[in-house]
Amino acid sequence: MSNTIDPVTLEIIWTRLTTVVDEAAATFVRTSFSTLVRDANDFAVVLTDRQGRSIAQSTKSIPSFISTMPRTVEHFITEFGIENMREGDAYVTNDPWLGSGHLNDASLAMPLFRNGELIGFAGVVSHLPDIGGRLRNPGNKEIYEEGLRIPPMRLLNQDRADDSLIRMIRANVRVPDETMGDFWAQITCCRTLGENLNVLLGEAKIDFDQFSDEIVRRTEGAMRNAIEELPDGTYAYAIENDGPADFPGGTVRIECAVTVDGDELTVDYAGTSDQVDLAINTVPTYTFAYTAYALKAVLAPWLPNAEGSFLPLTVTAPEGCILNPRRPASTGSRAMMGHLLPPAVFGALAQIVPDRVQAVPGSPVSSIQIAARDMDRSYVLNAFIGAGQGASRNKDGESAISFPSNLSNATIEVLETLAPIEVVRREIRQGSGGAGTSRGGDGISFEFTLRGGRATGAFVVNRLRSAAAGLLGAGSGSRGRLVINGEDKDPADLYTLKEGDRVLIQTGGGGGYGALEQSSS
Amino acid sequence: MGTFQIAVDIGGTFTDGVLLEEDDGAIYLAKALTTPSDPGEGVATVVADLLAATQRATGEIRRVVHGTTLITNTLVERRGVRAALLVTRGTEDCLDIRRELRYDIYDLEATYPQALIDRGDRFSFGGRMGPAGQIWRPLDRAELSDCVQRVCSGGFEAVAVCLLHAPVDDRHEQSVRRAIEEVCPGLPVSLSSEVACEIGEYERMSTVAANAYVMPIAKSYLSTLEARLDALGADGTLDIMSSNGAFTTAELAARCPMRILESGPAGGVLSAVNCGLEEGTDKVLAFDMGGTTAKACVAVDGKASLTHVFEFGRVKRFKRGSGLPVVAPSMDLIEIGAGGGSLATINALGLLQVGPQSAGAEPGPACYGQGGEAATVTDADLVLGYLDAKRFLGGRMQLDVPLAREALNAVGARIGLDAEATAWGIHDIVNENMAGAARTHIAEKGFDARNFSLVATGGAGPVHAVDVARRLRIERVLCPIASGVGSCLGFLAAPARSDRSWSKVESLTSFNHGDFGTRLEEAGESISEDLAACGLGKEDILWRLSAEVRYLGQGNTVEVLVSSPALTAPAPECVATLFEEEYARLYHKTVPGGVPEAVTWRVSGSSKSEIKHFRLGMIAEDTSESSGTRRLYRPDVKRFEDVPVYERYAQPPGRVLDGPLVMVEPESTLVVPYPAVVTLLGSGAVEVVLRGEDDG
């Protein structure tokens, strides 16, 4: 066997590997019971080599899962020992620090064997239909309120299911059939991946270790080349969003310093607000994921999500800050911080690549939860509302869009079928984007009335106090608002709604880009 | 001699025509350049050529079946009329808000297609329907009449109406239409409940807006065409091919042009399915590859899979979500590659990459000699010996081998490959990409690729088909006759068909029979009317009633065939059972305790489809066994070898040949680079059965 794989064979096998992973992902989506998996691609399927290095990841997944599965596999290896791993084993955990940042995501991996030898792992991380605890709510103060925590466990031991673990899970979640159904869907997905990988390796006659070395080498090299084009130095930016109502100043602050040193890049978040007694803390893997998302989008958007692409990147945050919290911090609504990291990185990079970044968006994502309070009709409605995107040099920000995540709205006709509400309007908030040589995108006005019974409403609305800043002297976007029956409200509370109550949510506009010339001078 | 039919397909480059003798199935072919400024001219040329070649008179034409890409082009090139959009107050921005999704999360500069109707041309008024069809507030007559006045005096050429919950109850939309007709009779009005009767206001509004945008153009085009055919003396019927694989009347097509957007590709699939049925294959992968696109479609038991939503005008090729959605039943064709024009590049990872960028028709591949310098799939095919420089496009174009080599060398040199190794690399990669996309598509339908036969059409289809099949572990490849005009053969094989659907989310355990019965009856009657216009009697209609069902709490639905061939109202528990059977087939288990709910009901009526047997009307005189040899790259032994070349239409039916070989015909070349048994079938199709492999 030669020492390198020729570039044509490599391209073909790489494409086929991606197909194998995407095929397994398609099976998973169709059988999952989680609406977030189906409608929002809130999952990832990953193939790693025997060291846990990511070789291929399903193409459609949101940024949350960049590089999380390889770390989880490493934890499984540490916990169980690679020498004790057998065909038909499945390891699982939803620990936020070992997985992808909140209990709602379960990470499951199975070792893959070829001719009796362990060659790699198939892994799925996905948002479960339910994991018990209080309903997802930023008000949760400790992780113990947020649901059942599963430390690294063997769900399957050589194809034998661990009935004790299953009974334990079933007893602690609201919809046991659906939650367990998603675990079985994860297992089916890993098995499909393993079988198809074996077919591929049989036909291709390549050495999987050598192949994965080659992928890591090439993706790492491409990322290093992209970094090397940037001028060395440290570039800082800070970004604010609404914090807890009882938090000093009512805002949290992300301090971001990007250091370029040759072909390596470090992002440090020293100076960021301390962790809080609210479920908006984000663990290091999630902090890394959203930081790496921003860097990849700016430096090499075409690069696959393979291990090498992220090796030249280092992300640090002081222990005890909101981006690296100590246990037992609650983390369920981690997106409220994580979604701020891309604009923080963009702001820092604006000093060196001003044509490749964009201003702060009106996000993090806003959402509505309405649950029946009367027993004659039971429903829980969950809906997301996008905002305005930040402007960039060449382009106005998009209005009414999901960024940096990618969550679909539900149509009015579907919302009105699911709950007794009448949507009065879903409109673009004209003029809410920040002014600049390029304008920020406009946010959304979403207004509804309750048409029957009583309901509990929980609303996540961002940027009531801190507007999305413009870049390079441009204007900020408009602030968000939550208005109930004509009065401005604080979204941190739960509200009891009665028939005829009217709720208006306005999401923020994105920041503008580039200062407009002053006409007064 | 008996009566005959003519099929005409207007494509981007060529207008194809086929004349079919009804009594013996003989077909005659013609081709002319498409004439975009007056498309009817190309049609007239083709018809005249066919009549001249067969020495027939126009009066004997019983029927003309027509398909066209012109409506699609009007949309994509945004040459439609200025239309007004009337909506429920509060939803005026729906077309701009879309579903708030990004089609590529890493592309920070991504742009999205503009709505076809500007914000300033959208009007709203009060009046509100609830999700069960209850009237929350009656239409505000004063506002409506003010709005109608503004529309009628605003210089609009068409109107689209989309009100919330209209698929459940269309009373308000009907009132709006009457109000418009009173003030400005003759102004074309499209109602969302008629054009796209499905829940989900964004996709429905997008569809009805597009319908209004092209409706006047479709109408004048079709009436001009009818007049031109009349002028030729052809007084038979004019039928129009729909995207769903059936034909409809010109009048219905003019009213709902969204239904005919994909007529050409639908014809291609029908032709492939017909070929499969003729050869007794119940699972067909239709594979079509031309100069700028490669497509695939799955058909099982003679029925191509349908999709109910597709996109047009994508701002980024191959990116789902980057176009505008249209709700209309269409063949579920997926684009699996960029065709012969796909460009080869070396990417930043130092790897050879093929597509998705394409050289298009101008300047085209390097070997066209039109100034294209980049290597393409066609250049690779030429250097591998898979194409003949002198016979491309039936000899209409001469290919330049040295230019192809030069382009291949330039790309390959960057990764240490010579022209020939680069050529095989490109061919290898593009086939792998197409096979991968097809494999995933088949898996998503719950089938295993290995059980399918591949039917190859399009100029480049037979060049790549055998190797693509091998990668999918498909043993059998079929090449139908006259694949260069495959769409036309499909038109001639198409049944008449009409569809209705309505959405109502309703648990199957608490089901309103009265309302359902009324809906079903209404659908049955209006379909019968449509089909009567196509000359089909009520007693000859083949009915299909299907339901989109899911478990309460799920988002995706599964389509269940409820009643066929008669149209009968089902017992809800029977629908639930059928749903669970289908769910188990797709996902290998059902959901204990799950509550099935129906979301959308679909009714279709069609004429009974039958297998059509076509044969070429003109027989070539040259019956020589082989016309020499060609130096061809054989991937199994990784070297070039001389293999025999056969003239396809010189081979008598029943002849059995051994691959590797090349079989040439005017519009394409069948390349069999592997050991295989190649048989000329009685139907005129060529069959390739790959020899089992030892992976050696």
# chains A, B, ... in the order shown; residues from 1 in each chain; ligands from 1
$ closest_atom_pairs --of "chain B" --to "chain A" --cutoff "7 Å" --atoms "only C-alpha atoms" --output "Markdown table"
| residue | atom | partner | partner_atom | distance |
| --- | --- | --- | --- | --- |
| B:Gly90 | CA | A:Arg425 | CA | 3.9 |
| B:Thr91 | CA | A:Arg426 | CA | 6.2 |
| B:Asp93 | CA | A:Glu427 | CA | 5.5 |
| B:Ile97 | CA | A:Ala400 | CA | 5.6 |
| B:Arg99 | CA | A:Asn409 | CA | 5.4 |
| B:Glu100 | CA | A:Ile401 | CA | 4.2 |
| B:Leu101 | CA | A:Ser408 | CA | 5.5 |
| B:Arg102 | CA | A:Asn406 | CA | 6.3 |
| B:Tyr106 | CA | A:Ala297 | CA | 4.7 |
| B:Asp107 | CA | A:Ala297 | CA | 6.5 |
| B:Leu108 | CA | A:Ala297 | CA | 6.7 |
| B:Pro131 | CA | A:Thr417 | CA | 5.7 |
| B:Leu164 | CA | A:Glu413 | CA | 6.7 |
| B:His165 | CA | A:Glu413 | CA | 6.3 |
| B:Ile199 | CA | A:Glu413 | CA | 6.6 |
| B:Gly200 | CA | A:Thr411 | CA | 5.6 |
| B:Glu201 | CA | A:Thr411 | CA | 6.4 |
| B:Tyr202 | CA | A:Thr411 | CA | 7.0 |
| B:Ala348 | CA | A:Ala222 | CA | 6.4 |
| B:Leu349 | CA | A:Arg218 | CA | 5.6 |
| B:Leu351 | CA | A:Pro7 | CA | 5.1 |
| B:Leu352 | CA | A:Val8 | CA | 6.0 |
| B:Gly425 | CA | A:Val8 | CA | 5.6 |
| B:Ile429 | CA | A:Ile12 | CA | 5.8 |
| B:Glu432 | CA | A:Ile12 | CA | 6.7 |
| B:Gly436 | CA | A:Thr19 | CA | 6.0 |
| B:Thr440 | CA | A:Glu23 | CA | 5.6 |
| B:Glu444 | CA | A:Ala26 | CA | 6.8 |
| B:Gln554 | CA | A:Phe33 | CA | 6.4 |
| B:Gly555 | CA | A:Thr35 | CA | 6.8 |
| B:Tyr587 | CA | A:Thr31 | CA | 6.4 |
| B:Asp695 | CA | A:Glu203 | CA | 6.8 |
$ residues_around --residues "Val637 of chain B" --least-positions-apart "2" --cutoff "12 Å" --atoms "only C-alpha atoms" --output "list of chain:residue names"
B:Leu632, B:Tyr633, B:Arg634, B:Pro635, B:Arg639, B:Phe640, B:Glu641, B:Pro660, B:Pro673, B:Tyr674, B:Pro675, B:Asp695, B:Gly696
$ write_last_selection --atoms "N, CA, C and O atoms" --output "mmCIF file, in the first residue's frame"
data_model
loop_
_atom_site.group_PDB
_atom_site.id
_atom_site.type_symbol
_atom_site.label_atom_id
_atom_site.label_comp_id
_atom_site.auth_asym_id
_atom_site.auth_seq_id
_atom_site.Cartn_x
_atom_site.Cartn_y
_atom_site.Cartn_z
ATOM 1 N N LEU B 632 -11.155 2.749 -25.865
ATOM 2 C CA LEU B 632 -12.047 3.114 -24.771
ATOM 3 C C LEU B 632 -11.375 2.820 -23.433
ATOM 4 O O LEU B 632 -10.704 1.801 -23.285
ATOM 5 N N TYR B 633 -11.579 3.657 -22.446
ATOM 6 C CA TYR B 633 -11.026 3.380 -21.117
ATOM 7 C C TYR B 633 -11.905 2.362 -20.406
ATOM 8 O O TYR B 633 -13.116 2.542 -20.288
ATOM 9 N N ARG B 634 -11.271 1.272 -19.945
ATOM 10 C CA ARG B 634 -11.995 0.246 -19.197
ATOM 11 C C ARG B 634 -11.635 0.360 -17.729
ATOM 12 O O ARG B 634 -10.553 -0.028 -17.312
ATOM 13 N N PRO B 635 -12.555 0.845 -16.903
ATOM 14 C CA PRO B 635 -12.238 1.063 -15.500
ATOM 15 C C PRO B 635 -11.935 -0.224 -14.734
ATOM 16 O O PRO B 635 -11.190 -0.198 -13.762
ATOM 17 N N ARG B 639 -7.266 0.407 -17.914
ATOM 18 C CA ARG B 639 -6.475 0.783 -19.079
ATOM 19 C C ARG B 639 -7.378 0.962 -20.304
ATOM 20 O O ARG B 639 -8.539 0.580 -20.288
ATOM 21 N N PHE B 640 -6.795 1.586 -21.340
ATOM 22 C CA PHE B 640 -7.530 1.757 -22.597
ATOM 23 C C PHE B 640 -7.451 0.471 -23.402
ATOM 24 O O PHE B 640 -6.417 -0.188 -23.434
ATOM 25 N N GLU B 641 -8.562 0.108 -24.047
ATOM 26 C CA GLU B 641 -8.580 -1.059 -24.923
ATOM 27 C C GLU B 641 -9.465 -0.758 -26.124
ATOM 28 O O GLU B 641 -10.363 0.074 -26.028
ATOM 29 N N PRO B 660 -17.322 -5.460 -22.937
ATOM 30 C CA PRO B 660 -17.428 -4.026 -23.230
ATOM 31 C C PRO B 660 -17.716 -3.744 -24.712
ATOM 32 O O PRO B 660 -17.212 -4.447 -25.573
ATOM 33 N N PRO B 673 -18.666 -0.088 -20.481
ATOM 34 C CA PRO B 673 -17.224 -0.262 -20.302
ATOM 35 C C PRO B 673 -16.859 -1.517 -19.519
ATOM 36 O O PRO B 673 -15.690 -1.761 -19.267
ATOM 37 N N TYR B 674 -17.851 -2.300 -19.115
ATOM 38 C CA TYR B 674 -17.625 -3.484 -18.288
ATOM 39 C C TYR B 674 -18.096 -4.734 -19.016
ATOM 40 O O TYR B 674 -18.922 -4.656 -19.938
ATOM 41 N N PRO B 675 -17.648 -5.913 -18.571
ATOM 42 C CA PRO B 675 -18.223 -7.163 -19.085
ATOM 43 C C PRO B 675 -19.719 -7.182 -18.800
ATOM 44 O O PRO B 675 -20.137 -6.899 -17.673
ATOM 45 N N ASP B 695 -15.326 -8.084 -7.222
ATOM 46 C CA ASP B 695 -14.619 -6.984 -6.569
ATOM 47 C C ASP B 695 -13.151 -6.956 -6.935
ATOM 48 O O ASP B 695 -12.348 -6.352 -6.247
ATOM 49 N N GLY B 696 -12.798 -7.706 -8.008
ATOM 50 C CA GLY B 696 -11.395 -7.757 -8.371
ATOM 51 C C GLY B 696 -11.023 -6.561 -9.161
ATOM 52 O O GLY B 696 -9.896 -6.207 -9.324
#
$ residues_around --residues "segment 89-95 of chain A" --least-positions-apart "5" --cutoff "9 Å" --atoms "only C-alpha atoms" --output "compact mmCIF listing (two decimals) with all heavy atoms, in the first residue's frame"
# COMPACT_ATOMS: atom_id res chain seq x y z
N THR A 72 -17.35 14.04 23.12
CA THR A 72 -18.16 13.06 23.85
C THR A 72 -17.56 11.66 23.70
O THR A 72 -17.48 10.90 24.66
CB THR A 72 -19.61 13.09 23.33
OG1 THR A 72 -20.08 14.44 23.35
CG2 THR A 72 -20.51 12.26 24.21
N VAL A 73 -17.14 11.33 22.49
CA VAL A 73 -16.54 10.01 22.26
C VAL A 73 -15.27 9.86 23.11
O VAL A 73 -15.03 8.82 23.71
CB VAL A 73 -16.24 9.79 20.76
CG1 VAL A 73 -15.36 8.57 20.56
CG2 VAL A 73 -17.54 9.63 19.98
N PHE A 76 -16.34 8.90 26.46
CA PHE A 76 -16.74 7.49 26.50
C PHE A 76 -15.49 6.60 26.58
O PHE A 76 -15.45 5.62 27.31
CB PHE A 76 -17.57 7.11 25.28
CG PHE A 76 -18.97 7.68 25.26
CD1 PHE A 76 -19.57 8.06 24.07
CD2 PHE A 76 -19.69 7.85 26.45
CE1 PHE A 76 -20.86 8.57 24.03
CE2 PHE A 76 -20.98 8.37 26.43
CZ PHE A 76 -21.57 8.74 25.22
N SER A 100 -23.49 18.26 24.62
CA SER A 100 -23.55 19.46 23.80
C SER A 100 -24.24 20.63 24.50
O SER A 100 -24.79 21.50 23.86
CB SER A 100 -24.26 19.16 22.49
OG SER A 100 -25.58 18.76 22.77
N GLY A 101 -24.22 20.62 25.86
CA GLY A 101 -24.56 21.88 26.51
C GLY A 101 -25.86 21.98 27.25
O GLY A 101 -26.03 22.87 28.07
N HIS A 102 -26.85 21.13 26.98
CA HIS A 102 -28.01 21.08 27.87
C HIS A 102 -28.59 19.67 27.92
O HIS A 102 -28.31 18.85 27.05
CB HIS A 102 -29.07 22.14 27.55
CG HIS A 102 -29.72 22.04 26.20
ND1 HIS A 102 -30.69 22.92 25.79
CD2 HIS A 102 -29.55 21.19 25.17
CE1 HIS A 102 -31.09 22.59 24.56
NE2 HIS A 102 -30.41 21.56 24.17
N LEU A 103 -29.36 19.41 28.98
CA LEU A 103 -29.85 18.05 29.21
C LEU A 103 -30.76 17.56 28.09
O LEU A 103 -30.91 16.36 27.90
CB LEU A 103 -30.62 17.99 30.54
CG LEU A 103 -29.81 18.22 31.81
CD1 LEU A 103 -30.73 18.24 33.02
CD2 LEU A 103 -28.76 17.11 31.97
N ASN A 104 -31.38 18.49 27.38
CA ASN A 104 -32.32 18.09 26.34
C ASN A 104 -31.65 17.35 25.19
O ASN A 104 -32.32 16.66 24.42
CB ASN A 104 -33.03 19.33 25.77
CG ASN A 104 -33.59 20.20 26.87
OD1 ASN A 104 -32.82 20.79 27.64
ND2 ASN A 104 -34.89 20.26 26.99
N ASP A 105 -30.34 17.52 25.02
CA ASP A 105 -29.64 16.82 23.94
C ASP A 105 -29.03 15.53 24.48
O ASP A 105 -28.28 15.56 25.46
CB ASP A 105 -28.47 17.66 23.40
CG ASP A 105 -28.95 18.85 22.57
OD1 ASP A 105 -30.14 18.91 22.23
OD2 ASP A 105 -28.10 19.72 22.29
N ALA A 106 -29.32 14.42 23.82
CA ALA A 106 -28.66 13.16 24.17
C ALA A 106 -27.61 12.85 23.12
O ALA A 106 -27.87 12.95 21.92
CB ALA A 106 -29.68 12.03 24.22
N SER A 107 -26.40 12.48 23.59
CA SER A 107 -25.34 12.04 22.69
C SER A 107 -25.20 10.54 22.83
O SER A 107 -25.01 10.04 23.95
CB SER A 107 -24.01 12.70 23.04
OG SER A 107 -24.11 14.10 22.90
N LEU A 108 -25.29 9.82 21.71
CA LEU A 108 -25.17 8.37 21.74
C LEU A 108 -24.15 7.94 20.70
O LEU A 108 -24.15 8.47 19.59
CB LEU A 108 -26.54 7.72 21.45
CG LEU A 108 -26.61 6.20 21.45
CD1 LEU A 108 -27.96 5.74 22.03
CD2 LEU A 108 -26.41 5.59 20.08
N ALA A 109 -23.24 7.03 21.08
CA ALA A 109 -22.25 6.56 20.11
C ALA A 109 -22.11 5.05 20.19
O ALA A 109 -22.27 4.46 21.26
CB ALA A 109 -20.89 7.22 20.37
N MET A 110 -21.84 4.44 19.05
CA MET A 110 -21.58 2.99 18.99
C MET A 110 -20.23 2.77 18.32
O MET A 110 -19.93 3.40 17.32
CB MET A 110 -22.68 2.28 18.19
CG MET A 110 -24.06 2.38 18.83
SD MET A 110 -25.34 1.50 17.88
CE MET A 110 -24.96 -0.21 18.29
N PRO A 111 -19.43 1.86 18.89
CA PRO A 111 -18.14 1.55 18.23
C PRO A 111 -18.40 0.76 16.95
O PRO A 111 -19.33 -0.03 16.88
CB PRO A 111 -17.42 0.68 19.27
CG PRO A 111 -18.51 0.09 20.09
CD PRO A 111 -19.65 1.07 20.09
N LEU A 148 -33.68 14.97 33.96
CA LEU A 148 -32.88 13.80 34.31
C LEU A 148 -31.49 13.92 33.68
O LEU A 148 -31.37 14.18 32.49
CB LEU A 148 -33.58 12.55 33.76
CG LEU A 148 -32.88 11.22 34.01
CD1 LEU A 148 -32.90 10.86 35.48
CD2 LEU A 148 -33.53 10.13 33.18
N ARG A 149 -30.46 13.71 34.49
CA ARG A 149 -29.11 13.72 33.94
C ARG A 149 -28.60 12.28 33.82
O ARG A 149 -28.62 11.54 34.78
CB ARG A 149 -28.17 14.54 34.81
CG ARG A 149 -26.74 14.52 34.31
CD ARG A 149 -25.99 15.79 34.62
NE ARG A 149 -26.11 16.14 36.03
CZ ARG A 149 -25.07 16.28 36.84
NH1 ARG A 149 -23.85 16.12 36.40
NH2 ARG A 149 -25.25 16.61 38.10
N ILE A 150 -28.16 11.92 32.65
CA ILE A 150 -27.63 10.57 32.41
C ILE A 150 -26.12 10.68 32.27
O ILE A 150 -25.62 11.25 31.30
CB ILE A 150 -28.22 9.96 31.12
CG1 ILE A 150 -29.75 10.01 31.15
CG2 ILE A 150 -27.73 8.53 30.91
CD1 ILE A 150 -30.40 9.71 29.81
N PRO A 151 -25.36 10.16 33.23
CA PRO A 151 -23.90 10.16 33.08
C PRO A 151 -23.54 9.17 31.97
O PRO A 151 -24.41 8.43 31.51
CB PRO A 151 -23.41 9.67 34.44
CG PRO A 151 -24.53 8.84 34.95
CD PRO A 151 -25.80 9.44 34.41
N PRO A 152 -22.30 9.11 31.50
CA PRO A 152 -21.97 8.12 30.47
C PRO A 152 -22.38 6.71 30.90
O PRO A 152 -21.96 6.24 31.96
CB PRO A 152 -20.45 8.25 30.34
CG PRO A 152 -20.19 9.68 30.72
CD PRO A 152 -21.17 9.98 31.81
N MET A 153 -23.26 6.08 30.14
CA MET A 153 -23.80 4.76 30.48
C MET A 153 -23.78 3.90 29.23
O MET A 153 -23.80 4.40 28.11
CB MET A 153 -25.26 4.87 30.95
CG MET A 153 -25.50 5.73 32.17
SD MET A 153 -25.13 4.89 33.71
CE MET A 153 -26.63 3.96 33.97
N ARG A 154 -23.77 2.55 29.48
CA ARG A 154 -23.93 1.61 28.35
C ARG A 154 -25.42 1.33 28.20
O ARG A 154 -25.98 0.59 28.99
CB ARG A 154 -23.25 0.29 28.70
CG ARG A 154 -21.89 0.07 28.14
CD ARG A 154 -21.54 -1.41 28.26
NE ARG A 154 -20.22 -1.65 27.70
CZ ARG A 154 -19.10 -1.61 28.43
NH1 ARG A 154 -19.15 -1.35 29.71
NH2 ARG A 154 -17.94 -1.84 27.83
N LEU A 155 -26.04 1.90 27.18
CA LEU A 155 -27.46 1.60 26.95
C LEU A 155 -27.59 0.21 26.34
O LEU A 155 -28.52 -0.52 26.64
CB LEU A 155 -28.07 2.67 26.02
CG LEU A 155 -29.55 2.52 25.68
CD1 LEU A 155 -30.42 2.49 26.93
CD2 LEU A 155 -30.01 3.66 24.78
N LEU A 156 -26.63 -0.15 25.50
CA LEU A 156 -26.56 -1.51 24.96
C LEU A 156 -25.21 -2.09 25.32
O LEU A 156 -24.18 -1.44 25.16
CB LEU A 156 -26.67 -1.52 23.42
CG LEU A 156 -27.97 -1.17 22.73
CD1 LEU A 156 -27.82 -1.43 21.23
CD2 LEU A 156 -29.13 -1.96 23.29
N ASN A 157 -25.23 -3.34 25.80
CA ASN A 157 -23.99 -4.04 26.07
C ASN A 157 -24.00 -5.27 25.17
O ASN A 157 -24.74 -6.22 25.41
CB ASN A 157 -23.97 -4.45 27.56
CG ASN A 157 -22.63 -5.03 27.95
OD1 ASN A 157 -21.83 -5.39 27.11
ND2 ASN A 157 -22.40 -5.10 29.26
N GLN A 158 -23.23 -5.21 24.10
CA GLN A 158 -23.23 -6.27 23.09
C GLN A 158 -24.66 -6.63 22.72
O GLN A 158 -25.07 -7.77 22.82
CB GLN A 158 -22.45 -7.48 23.57
CG GLN A 158 -20.97 -7.15 23.79
CD GLN A 158 -20.17 -8.39 24.12
OE1 GLN A 158 -20.04 -9.30 23.30
NE2 GLN A 158 -19.63 -8.43 25.32
N ASP A 159 -25.42 -5.62 22.32
CA ASP A 159 -26.80 -5.75 21.84
C ASP A 159 -27.83 -6.00 22.94
O ASP A 159 -29.02 -6.04 22.66
CB ASP A 159 -26.94 -6.84 20.75
CG ASP A 159 -26.24 -6.43 19.47
OD1 ASP A 159 -26.34 -5.25 19.10
OD2 ASP A 159 -25.58 -7.30 18.85
N ARG A 160 -27.39 -6.21 24.17
CA ARG A 160 -28.37 -6.38 25.25
C ARG A 160 -28.65 -5.02 25.89
O ARG A 160 -27.74 -4.35 26.36
CB ARG A 160 -27.84 -7.36 26.31
CG ARG A 160 -28.15 -8.83 26.02
CD ARG A 160 -27.92 -9.69 27.25
NE ARG A 160 -26.75 -9.26 28.03
CZ ARG A 160 -25.49 -9.60 27.74
NH1 ARG A 160 -25.23 -10.35 26.69
NH2 ARG A 160 -24.49 -9.18 28.51
N ALA A 161 -29.95 -4.65 25.89
CA ALA A 161 -30.32 -3.35 26.46
C ALA A 161 -30.24 -3.39 27.97
O ALA A 161 -30.52 -4.40 28.60
CB ALA A 161 -31.73 -2.99 26.01
N ILE A 187 -29.97 4.59 17.72
CA ILE A 187 -29.25 3.31 17.57
C ILE A 187 -29.39 2.78 16.14
O ILE A 187 -28.41 2.36 15.52
CB ILE A 187 -29.78 2.30 18.61
CG1 ILE A 187 -29.25 2.70 20.00
CG2 ILE A 187 -29.38 0.87 18.27
CD1 ILE A 187 -29.86 1.96 21.16
$ residues_around --residues "Ala598 of chain B" --least-positions-apart "3" --cutoff "8 Å" --atoms "only C-alpha atoms" --output "ChimeraX atom specification"
/B:504-508,547-550,601
$ select_by_dssp --residues "segment 12-219 of chain A" --states "helix (DSSP H, G or I)" --output "ChimeraX atom specification"
/A:12-31,35-40,63-65,68-80,82-84,143-145,163-172,176-204,208-219
$ closest_residue --among "B:Arg414, B:Arg497, B:His427, B:Arg648" --to "Ala460 of chain B" --atoms "only C-alpha atoms"
B:His427
$ residues_around --residues "segment 181-183 of chain B" --least-positions-apart "3" --cutoff "10 Å" --atoms "only C-alpha atoms" --output "list in words"
Ser145, Val148, Gln149, Val151, Cys152, Ser153, Ser175, Val176, Arg177, Arg178, Gly186, Leu187, Pro188 and Val189 of chain B
$ closest_residue --among "A:Ser67, A:Thr4, A:Gln51, A:Thr259" --to "Phe310 of chain A" --atoms "only C-alpha atoms"
A:Ser67
$ closest_atom_pairs --of "segment 94-149 of chain A" --to "segment 192-195 of chain A" --cutoff "8 Å" --atoms "only C-alpha atoms" --output "JSON lines"
{"residue": "A:Leu112", "atom": "CA", "partner": "A:Gly194", "partner_atom": "CA", "distance": 6.0}
{"residue": "A:Phe113", "atom": "CA", "partner": "A:Gly194", "partner_atom": "CA", "distance": 8.0}
{"residue": "A:Ala122", "atom": "CA", "partner": "A:Leu193", "partner_atom": "CA", "distance": 6.7}
$ residues_around --residues "Leu306 of chain B" --least-positions-apart "4" --cutoff "12 Å" --atoms "only C-alpha atoms" --output "list in words"
Ser243, Asn244, Gly245, Ala246, Glu262, Ala266, Val269, Cys297, Val298, Ala299, Val300, Phe310, Val327, Ala328, Pro329, Ser330, Met331, Asp332, Leu333, Ile334, Lys445 and Glu559 of chain B
